[in-house]
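Below: one structure, written as structure tokens.
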Amino acid sequence: MTSRCTDRTRDLVSSGSYDAERLWRPRLYSDLLQPFSFKQKKEAMSALTELIDHIASALMSSHAVPGSATLGKKKVQLALKKESELGEEPVSLPAGKVDLPTDDAFLPFSSSSDVGWKITGFNDNPYVWDKSAGDIKSSVLDVSLGDVNGNEIPVNGLSEAITIVLKNRPEMFQVGHLVNYKHYGNDTMAFRDFQALENATYGVTLTVRTAAFVREARMYGKLGGDPNDTDHDFSKILSWEDFEDGGNQTISAFIALPVGKVKDRNGQYTLGLLMEECLSEKCNYSVDIVRMGCRYWDSEDNAWKGDGCKVSPKTTREETVCLCDHT
């Protein structure tokens with residue numbers, strides 16, 4: 001199947017008149033992306049990767065094809081450019097977005113500022129045969145870089161990280177049971193504890209149901225004790241503009257919470273929440289916490305790994321923003 005498709009690809013691109021959707025569609029979805037066993041999925045992914053590489057190679061080597069091309073709009077997408085002046089607009093696909101570093105970051109690996117790239121987007125994780133795949137709840141983007149001579153440029157060692165924006169699945173953030181907002185003793189805050197890992201980033205969703213107008217919510221965080229407005233490791237003021245209207249007198253806001261060094265690599269972290277209007281008006285609320293992470297697929301070990309990738313503070317509920325310079 002692969003060789004026939006590859007031959008047909010060369011015929012189409014050499015003539016300078018190819019139908020991108022027709023070229024990209026053959027058997028990818030029905031035959032390759034819906035096997036049942038992990039072994040079949042691994043074999044299918046290997047065949048799909050080989051097919052994508054053949055298509056990209058044919059497009060990159062053809063003089064009849066313009067300097068860039070984008071194929072696919074649904075489950076799998078491919079974007080490539082033969083020579084790209086760095087610092088251009090980010091590359092956007094349905095699966096996400098890639099923002100490459102500036103010219104200076106590539107100087108140790110390329111004598112020219114022109115860098116070619118290939119980006120493959122998957123709306124769903126195709127690398128599912130390792131147990132580490134259970135943590136992947138977003139789209140997947142595969143990024144390959146090369147110099148003008150076709151030599152691969154490694155991601156490891158770049159002075160600037162590549163920014164990769166991934167689409168989060170809606171089920172990644174579940175709203176828990178809403179409880180009555182109340183404080184204890186002389187405190188005016190409501191508190192929420194969780195076990196935090198060292199150098200991890202957590203997605204915190206605040207959901208409030210009330211008839212009152214919440215002008216702002218103040219959130220403070222501290223490792224190993226209760227925070228307040230003067231003693232805290234983290235603070236965030238959410239104005240009414242930061243909240244989204246969920247209907248039924250319910251609003252919600254999202255915070256990306258970074259946790260730094262932690263003794264023994266994990267410890268109790270406490271969030272303190274202050275909403276002035278809720279001291280006198282009835283409010284029900286929920287603070288839901290999800291550990292965020294950025295992973296890359298190690299093709300040699302067949303596993304998802306996180307070294308060399310970190311979560312950007314620009315992460316939102318809809319998108320995880322990753323900064324990667326892994327090997």
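Chain labels run A, B, ... following the order of the structure tokens; each chain numbers its residues from 1, and ligands are numbered from 1 in the order shown.
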Exercise: A:Phe122 partners within 12 Å, only C-alpha atoms, chain neighbours under 4 positions left out, as a short mmCIF file (atom, residue, chain, number, x, y, z; two decimals) with C-alpha atoms, in the first residue's frame:
```
data_model
loop_
_atom_site.label_atom_id
_atom_site.label_comp_id
_atom_site.auth_asym_id
_atom_site.auth_seq_id
_atom_site.Cartn_x
_atom_site.Cartn_y
_atom_site.Cartn_z
CA TYR A 29 -8.46 6.81 8.70
CA LEU A 33 -6.21 4.58 12.71
CA MET A 45 1.40 4.05 13.33
CA LEU A 48 1.39 5.91 8.79
CA THR A 49 4.66 7.59 9.80
CA GLY A 72 -5.34 17.42 5.86
CA LYS A 73 -7.94 19.13 7.99
CA LYS A 74 -9.36 16.35 10.16
CA LYS A 75 -7.65 13.68 12.29
CA VAL A 76 -4.17 14.02 10.75
CA GLN A 77 -2.52 17.08 9.25
CA LEU A 78 0.83 17.77 7.59
CA ALA A 79 2.48 21.16 7.10
CA LEU A 93 -2.99 23.39 12.33
CA PRO A 94 -6.26 22.01 13.71
CA ALA A 95 -4.17 20.02 16.24
CA GLY A 96 -2.33 23.09 17.51
CA LYS A 97 0.36 25.63 16.76
CA PRO A 126 -1.62 8.01 18.10
CA TYR A 127 1.14 6.63 20.37
CA SER A 138 -4.44 16.58 24.32
CA SER A 139 -3.61 16.71 20.65
CA VAL A 140 -0.10 15.73 19.46
CA LEU A 141 2.31 17.69 17.25
CA ASP A 142 5.45 16.19 15.71
CA VAL A 143 8.10 18.75 14.68
CA LEU A 166 -1.69 21.75 22.06
CA LYS A 167 -5.47 21.44 22.16
#
```
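Atom CA of A:Pro101 is found 20.6 Å from atom CA of A:Ala69.
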(Q) Need the shell around A:Val214: protein/DNA/RNA residues with any atom at most 12 Å away, counting only C-alpha atoms. Skip same-chain ones fewer than 5 positions apart. Format as a count of residues only? (A) 26
Q: May I ask which of the residues A:Val179, A:Ile55, A:Leu71, A:Ala47 is the closest one to A:Asn284, counting only C-alpha atoms?
A: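 Checking each candidate against A:Asn284, we get A:Val179 as the closest.
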Q: In Å, rounded to a single decimal, give me how far atom CA of A:Asp298 is from atom CA of A:Val91.
A: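 Between atom CA of A:Val91 and atom CA of A:Asp298 the gap is 23.1 Å.
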(Q) Report, in Å with one decimal, the straight-line distance from atom CA of A:Ser62 to atom CA of A:Pro90. (A)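 We find that atom CA of A:Ser62 and atom CA of A:Pro90 lie 24.4 Å from each other.
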Q: Determine which residues of stretch 57-227 of chain A DSSP labels as helix (DSSP H, G or I) from the backbone of this structure, then write them out as number ranges by chain.
A: A: 57-61, 103-106, 131-135, 170-172
**Q.** Pick from A:Tyr202, A:Tyr181, A:Tyr269, A:Trp129 nearest to A:Tyr220, counting only C-alpha atoms
**A.**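 Closest to A:Tyr220 of all the choices is A:Tyr269.
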Q: For each of A:Gly247, A:Gly116, A:Pro258, A:Pro313, take the minimum atom-to-atom distance to A:Asn149, counting only C-alpha atoms, then give the residue where this is smallest.
A: A:Gly116
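Among A:Trp117, A:Ala133, A:Asp193, A:Thr320, the residue with the shortest atom-to-atom distance to A:Phe38, counting only C-alpha atoms, is A:Ala133.
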Can you tell me, as a PDB file with N, CA, C and O atoms, in the first residue's frame, what residues are no more than 8 Å from A:Met189 when counting only C-alpha atoms, ignoring any on the same chain fewer than 2 positions away?
```pdb
ATOM      1  N   LYS A 182     -17.482  29.341  52.724  1.00  0.00           N
ATOM      2  CA  LYS A 182     -17.477  29.772  54.114  1.00  0.00           C
ATOM      3  C   LYS A 182     -16.044  29.787  54.628  1.00  0.00           C
ATOM      4  O   LYS A 182     -15.182  29.049  54.142  1.00  0.00           O
ATOM      5  N   HIS A 183     -15.795  30.640  55.588  1.00  0.00           N
ATOM      6  CA  HIS A 183     -14.474  30.744  56.179  1.00  0.00           C
ATOM      7  C   HIS A 183     -14.551  30.298  57.630  1.00  0.00           C
ATOM      8  O   HIS A 183     -15.624  30.100  58.193  1.00  0.00           O
ATOM      9  N   TYR A 184     -13.392  30.118  58.233  1.00  0.00           N
ATOM     10  CA  TYR A 184     -13.331  29.571  59.583  1.00  0.00           C
ATOM     11  C   TYR A 184     -12.666  30.555  60.537  1.00  0.00           C
ATOM     12  O   TYR A 184     -11.645  31.161  60.220  1.00  0.00           O
ATOM     13  N   ASP A 187     -10.479  33.863  59.880  1.00  0.00           N
ATOM     14  CA  ASP A 187     -10.063  33.889  58.491  1.00  0.00           C
ATOM     15  C   ASP A 187     -11.208  34.356  57.606  1.00  0.00           C
ATOM     16  O   ASP A 187     -12.384  34.118  57.888  1.00  0.00           O
ATOM     17  N   PHE A 191     -10.090  27.477  52.177  1.00  0.00           N
ATOM     18  CA  PHE A 191      -8.824  26.817  51.855  1.00  0.00           C
ATOM     19  C   PHE A 191      -9.053  25.478  51.157  1.00  0.00           C
ATOM     20  O   PHE A 191     -10.056  24.798  51.401  1.00  0.00           O
ATOM     21  N   GLY A 272      -5.589  29.442  49.143  1.00  0.00           N
ATOM     22  CA  GLY A 272      -6.546  30.258  49.881  1.00  0.00           C
ATOM     23  C   GLY A 272      -7.346  31.105  48.916  1.00  0.00           C
ATOM     24  O   GLY A 272      -6.777  31.742  48.020  1.00  0.00           O
ATOM     25  N   LEU A 273      -8.646  31.117  49.073  1.00  0.00           N
ATOM     26  CA  LEU A 273      -9.529  31.836  48.153  1.00  0.00           C
ATOM     27  C   LEU A 273     -10.318  32.890  48.914  1.00  0.00           C
ATOM     28  O   LEU A 273     -10.946  32.598  49.947  1.00  0.00           O
ATOM     29  N   LEU A 274     -10.292  34.119  48.415  1.00  0.00           N
ATOM     30  CA  LEU A 274     -11.033  35.209  49.036  1.00  0.00           C
ATOM     31  C   LEU A 274     -11.939  35.864  47.991  1.00  0.00           C
ATOM     32  O   LEU A 274     -11.466  36.370  46.969  1.00  0.00           O
ATOM     33  N   MET A 275     -13.243  35.844  48.249  1.00  0.00           N
ATOM     34  CA  MET A 275     -14.221  36.531  47.406  1.00  0.00           C
ATOM     35  C   MET A 275     -15.080  37.392  48.321  1.00  0.00           C
ATOM     36  O   MET A 275     -15.906  36.869  49.076  1.00  0.00           O
TER      37      MET A 275
END
```
List the neighbours of A:Leu257 out to 12 Å using only C-alpha atoms; skip same-chain residues closer than 3 positions along the sequence, and give me the result as a CSV table (one decimal) with all heavy atoms, in the first residue's frame.
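Now in part.csv:
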```
chain,number,residue,atom,x,y,z
A,196,ALA,N,1.4,18.4,46.2
A,196,ALA,CA,2.1,19.0,45.0
A,196,ALA,C,3.4,18.3,44.8
A,196,ALA,O,4.2,18.0,45.8
A,196,ALA,CB,2.3,20.5,45.3
A,197,LEU,N,3.8,18.1,43.6
A,197,LEU,CA,5.1,17.6,43.2
A,197,LEU,C,6.0,18.7,42.8
A,197,LEU,O,5.6,19.8,42.4
A,197,LEU,CB,4.9,16.6,42.0
A,197,LEU,CG,4.0,15.4,42.1
A,197,LEU,CD1,4.0,14.6,40.8
A,197,LEU,CD2,4.6,14.5,43.3
A,199,ASN,N,8.5,21.1,41.0
A,199,ASN,CA,8.6,21.7,39.6
A,199,ASN,C,7.4,21.3,38.7
A,199,ASN,O,7.6,21.2,37.5
A,199,ASN,CB,9.9,21.3,39.0
A,199,ASN,CG,11.1,21.8,39.7
A,199,ASN,OD1,11.1,22.9,40.2
A,199,ASN,ND2,12.2,21.1,39.8
A,200,ALA,N,6.3,21.1,39.3
A,200,ALA,CA,5.1,20.7,38.5
A,200,ALA,C,4.2,22.0,38.3
A,200,ALA,O,4.4,23.0,39.0
A,200,ALA,CB,4.3,19.6,39.2
A,201,THR,N,3.4,21.9,37.3
A,201,THR,CA,2.4,23.0,37.0
A,201,THR,C,1.0,22.4,37.1
A,201,THR,O,0.8,21.3,36.6
A,201,THR,CB,2.6,23.6,35.6
A,201,THR,OG1,3.9,24.2,35.6
A,201,THR,CG2,1.6,24.7,35.4
A,202,TYR,N,0.1,23.1,37.8
A,202,TYR,CA,-1.2,22.6,38.0
A,202,TYR,C,-2.2,23.6,37.4
A,202,TYR,O,-2.1,24.8,37.5
A,202,TYR,CB,-1.5,22.5,39.5
A,202,TYR,CG,-0.7,21.4,40.2
A,202,TYR,CD1,0.6,21.7,40.6
A,202,TYR,CD2,-1.1,20.1,40.3
A,202,TYR,CE1,1.4,20.7,41.2
A,202,TYR,CE2,-0.4,19.1,40.8
A,202,TYR,CZ,0.9,19.4,41.3
A,202,TYR,OH,1.7,18.4,41.8
A,203,GLY,N,-3.2,23.0,36.8
A,203,GLY,CA,-4.3,23.8,36.2
A,203,GLY,C,-5.4,23.9,37.3
A,203,GLY,O,-5.9,22.8,37.7
A,204,VAL,N,-5.7,25.1,37.7
A,204,VAL,CA,-6.7,25.3,38.8
A,204,VAL,C,-7.9,26.0,38.1
A,204,VAL,O,-7.8,27.0,37.6
A,204,VAL,CB,-6.1,26.2,39.9
A,204,VAL,CG1,-7.2,26.4,41.0
A,204,VAL,CG2,-4.9,25.6,40.4
A,205,THR,N,-9.1,25.3,38.3
A,205,THR,CA,-10.3,25.9,37.8
A,205,THR,C,-11.2,26.3,39.0
A,205,THR,O,-11.5,25.4,39.8
A,205,THR,CB,-11.1,24.8,36.9
A,205,THR,OG1,-10.3,24.4,35.8
A,205,THR,CG2,-12.4,25.4,36.4
A,219,MET,N,-6.7,34.6,44.9
A,219,MET,CA,-6.2,33.3,45.2
A,219,MET,C,-4.7,33.4,45.6
A,219,MET,O,-3.9,34.0,44.9
A,219,MET,CB,-6.4,32.3,44.0
A,219,MET,CG,-6.1,30.9,44.4
A,219,MET,SD,-6.6,29.7,43.1
A,219,MET,CE,-8.4,29.8,43.3
A,220,TYR,N,-4.4,32.8,46.8
A,220,TYR,CA,-3.1,32.7,47.3
A,220,TYR,C,-2.7,31.2,47.4
A,220,TYR,O,-3.5,30.4,47.8
A,220,TYR,CB,-3.0,33.4,48.6
A,220,TYR,CG,-3.4,34.9,48.6
A,220,TYR,CD1,-4.7,35.3,48.9
A,220,TYR,CD2,-2.4,35.9,48.2
A,220,TYR,CE1,-5.0,36.6,48.8
A,220,TYR,CE2,-2.8,37.2,48.1
A,220,TYR,CZ,-4.1,37.6,48.4
A,220,TYR,OH,-4.5,38.9,48.4
A,221,GLY,N,-1.4,31.0,47.2
A,221,GLY,CA,-0.9,29.6,47.4
A,221,GLY,C,0.4,29.5,48.3
A,221,GLY,O,1.2,30.5,48.2
A,222,LYS,N,0.5,28.5,49.0
A,222,LYS,CA,1.7,28.3,49.9
A,222,LYS,C,1.9,26.9,50.1
A,222,LYS,O,1.0,26.1,50.3
A,222,LYS,CB,1.5,29.0,51.2
A,222,LYS,CG,2.7,29.0,52.1
A,222,LYS,CD,2.5,29.8,53.4
A,222,LYS,CE,3.7,29.7,54.3
A,222,LYS,NZ,3.5,30.4,55.6
A,233,ASP,N,3.4,32.0,48.5
A,233,ASP,CA,4.3,31.7,47.5
A,233,ASP,C,3.8,32.0,46.1
A,233,ASP,O,4.5,32.2,45.1
A,233,ASP,CB,4.7,30.2,47.4
A,233,ASP,CG,5.2,29.7,48.8
A,233,ASP,OD1,6.0,30.4,49.4
A,233,ASP,OD2,4.9,28.5,49.2
A,234,PHE,N,2.5,32.2,46.0
A,234,PHE,CA,1.8,32.5,44.8
A,234,PHE,C,0.6,33.3,45.0
A,234,PHE,O,-0.1,33.2,46.1
A,234,PHE,CB,1.4,31.1,44.1
A,234,PHE,CG,0.5,31.3,42.9
A,234,PHE,CD1,1.0,31.5,41.6
A,234,PHE,CD2,-0.9,31.3,43.0
A,234,PHE,CE1,0.2,31.7,40.5
A,234,PHE,CE2,-1.7,31.4,41.9
A,234,PHE,CZ,-1.2,31.6,40.7
A,235,SER,N,0.3,34.3,44.1
A,235,SER,CA,-0.9,35.0,44.3
A,235,SER,C,-1.5,35.4,42.9
A,235,SER,O,-0.7,35.5,41.9
A,235,SER,CB,-0.7,36.3,45.1
A,235,SER,OG,0.2,37.2,44.3
A,236,LYS,N,-2.8,35.5,42.8
A,236,LYS,CA,-3.4,35.8,41.5
A,236,LYS,C,-4.7,36.5,41.8
A,236,LYS,O,-5.5,36.0,42.7
A,236,LYS,CB,-3.7,34.5,40.7
A,236,LYS,CG,-4.4,34.8,39.4
A,236,LYS,CD,-3.6,35.4,38.4
A,236,LYS,CE,-4.2,35.5,37.0
A,236,LYS,NZ,-3.4,36.2,36.0
A,254,PHE,N,-9.7,30.1,35.1
A,254,PHE,CA,-8.6,29.1,35.1
A,254,PHE,C,-7.3,29.8,35.4
A,254,PHE,O,-7.1,31.0,35.0
A,254,PHE,CB,-8.5,28.5,33.7
A,254,PHE,CG,-7.4,27.5,33.5
A,254,PHE,CD1,-7.5,26.2,33.9
A,254,PHE,CD2,-6.1,27.9,33.1
A,254,PHE,CE1,-6.5,25.3,33.8
A,254,PHE,CE2,-5.1,27.1,32.9
A,254,PHE,CZ,-5.3,25.7,33.3
A,260,GLY,N,7.5,25.3,42.6
A,260,GLY,CA,8.9,25.2,42.5
A,260,GLY,C,9.5,24.0,43.3
A,260,GLY,O,9.0,22.9,43.3
A,269,TYR,N,0.3,21.4,49.6
A,269,TYR,CA,0.2,22.8,49.1
A,269,TYR,C,-1.2,23.3,49.4
A,269,TYR,O,-2.2,22.5,49.2
A,269,TYR,CB,0.4,22.8,47.6
A,269,TYR,CG,0.7,24.2,47.0
A,269,TYR,CD1,2.0,24.6,46.8
A,269,TYR,CD2,-0.3,25.1,46.7
A,269,TYR,CE1,2.3,25.9,46.3
A,269,TYR,CE2,0.0,26.4,46.2
A,269,TYR,CZ,1.3,26.7,46.0
A,269,TYR,OH,1.6,28.0,45.5
A,270,THR,N,-1.3,24.5,49.9
A,270,THR,CA,-2.6,25.0,50.3
A,270,THR,C,-3.0,26.3,49.4
A,270,THR,O,-2.2,27.2,49.3
A,270,THR,CB,-2.6,25.4,51.8
A,270,THR,OG1,-2.3,24.3,52.6
A,270,THR,CG2,-4.0,25.9,52.2
A,271,LEU,N,-4.2,26.3,48.9
A,271,LEU,CA,-4.7,27.4,48.2
A,271,LEU,C,-5.7,28.1,49.1
A,271,LEU,O,-6.6,27.5,49.7
A,271,LEU,CB,-5.4,27.0,46.9
A,271,LEU,CG,-4.5,26.5,45.7
A,271,LEU,CD1,-5.4,26.0,44.6
A,271,LEU,CD2,-3.6,27.6,45.3
A,289,ILE,N,-8.4,20.8,40.6
A,289,ILE,CA,-6.9,20.9,40.3
A,289,ILE,C,-6.5,19.7,39.5
A,289,ILE,O,-6.8,18.6,39.8
A,289,ILE,CB,-6.1,20.9,41.7
A,289,ILE,CG1,-6.6,22.1,42.5
A,289,ILE,CG2,-4.6,21.0,41.4
A,289,ILE,CD1,-6.1,22.1,43.9
A,290,VAL,N,-5.8,20.0,38.4
A,290,VAL,CA,-5.3,19.0,37.5
A,290,VAL,C,-3.8,19.2,37.3
A,290,VAL,O,-3.4,20.4,37.0
A,290,VAL,CB,-6.0,19.0,36.2
A,290,VAL,CG1,-5.4,18.0,35.2
A,290,VAL,CG2,-7.5,18.7,36.3
A,291,ARG,N,-3.0,18.2,37.5
A,291,ARG,CA,-1.5,18.4,37.2
A,291,ARG,C,-1.3,18.4,35.7
A,291,ARG,O,-1.7,17.5,34.9
A,291,ARG,CB,-0.7,17.3,37.8
A,291,ARG,CG,0.8,17.4,37.6
A,291,ARG,CD,1.6,16.6,38.5
A,291,ARG,NE,1.3,15.2,38.4
A,291,ARG,CZ,2.0,14.3,37.6
A,291,ARG,NH1,3.0,14.8,36.9
A,291,ARG,NH2,1.7,13.1,37.6
A,292,MET,N,-0.7,19.5,35.2
A,292,MET,CA,-0.4,19.7,33.8
A,292,MET,C,1.0,19.2,33.5
A,292,MET,O,1.8,19.1,34.4
A,292,MET,CB,-0.5,21.2,33.4
A,292,MET,CG,-1.8,21.9,33.9
A,292,MET,SD,-3.2,21.4,33.0
A,292,MET,CE,-2.9,22.2,31.4
A,293,GLY,N,1.2,18.9,32.2
A,293,GLY,CA,2.5,18.4,31.8
A,293,GLY,C,2.7,18.5,30.3
A,293,GLY,O,1.8,18.5,29.6
A,311,VAL,N,5.8,23.4,31.0
A,311,VAL,CA,4.5,24.1,30.8
A,311,VAL,C,4.7,25.6,30.9
A,311,VAL,O,5.3,26.1,31.9
A,311,VAL,CB,3.4,23.6,31.8
A,311,VAL,CG1,2.1,24.4,31.5
A,311,VAL,CG2,3.2,22.1,31.7
A,312,SER,N,4.2,26.3,29.9
A,312,SER,CA,4.3,27.8,29.9
A,312,SER,C,3.2,28.3,30.8
A,312,SER,O,2.1,27.8,30.8
A,312,SER,CB,4.2,28.3,28.5
A,312,SER,OG,4.0,29.7,28.5
A,313,PRO,N,3.5,29.5,31.5
A,313,PRO,CA,2.4,30.1,32.2
A,313,PRO,C,1.3,30.7,31.3
A,313,PRO,O,0.3,31.1,31.8
A,313,PRO,CB,3.2,31.3,32.9
A,313,PRO,CG,4.4,31.5,32.2
A,313,PRO,CD,4.8,30.1,31.6
A,314,LYS,N,1.5,30.7,30.0
A,314,LYS,CA,0.4,31.1,29.1
A,314,LYS,C,-0.6,30.0,28.8
A,314,LYS,O,-1.5,30.2,28.1
A,314,LYS,CB,1.1,31.5,27.8
A,314,LYS,CG,2.0,32.8,27.9
A,314,LYS,CD,2.5,33.2,26.5
A,314,LYS,CE,3.4,34.4,26.7
A,314,LYS,NZ,4.0,34.8,25.4
A,315,THR,N,-0.4,28.9,29.5
A,315,THR,CA,-1.4,27.8,29.3
A,315,THR,C,-2.8,28.2,29.8
A,315,THR,O,-2.9,28.9,30.8
A,315,THR,CB,-0.9,26.6,30.1
A,315,THR,OG1,0.3,26.0,29.5
A,315,THR,CG2,-2.0,25.5,30.2
A,316,THR,N,-3.8,27.7,29.0
A,316,THR,CA,-5.2,28.0,29.4
A,316,THR,C,-6.0,26.7,29.5
A,316,THR,O,-5.4,25.6,29.3
A,316,THR,CB,-5.9,28.9,28.3
A,316,THR,OG1,-6.0,28.1,27.1
A,316,THR,CG2,-5.1,30.1,28.0
```
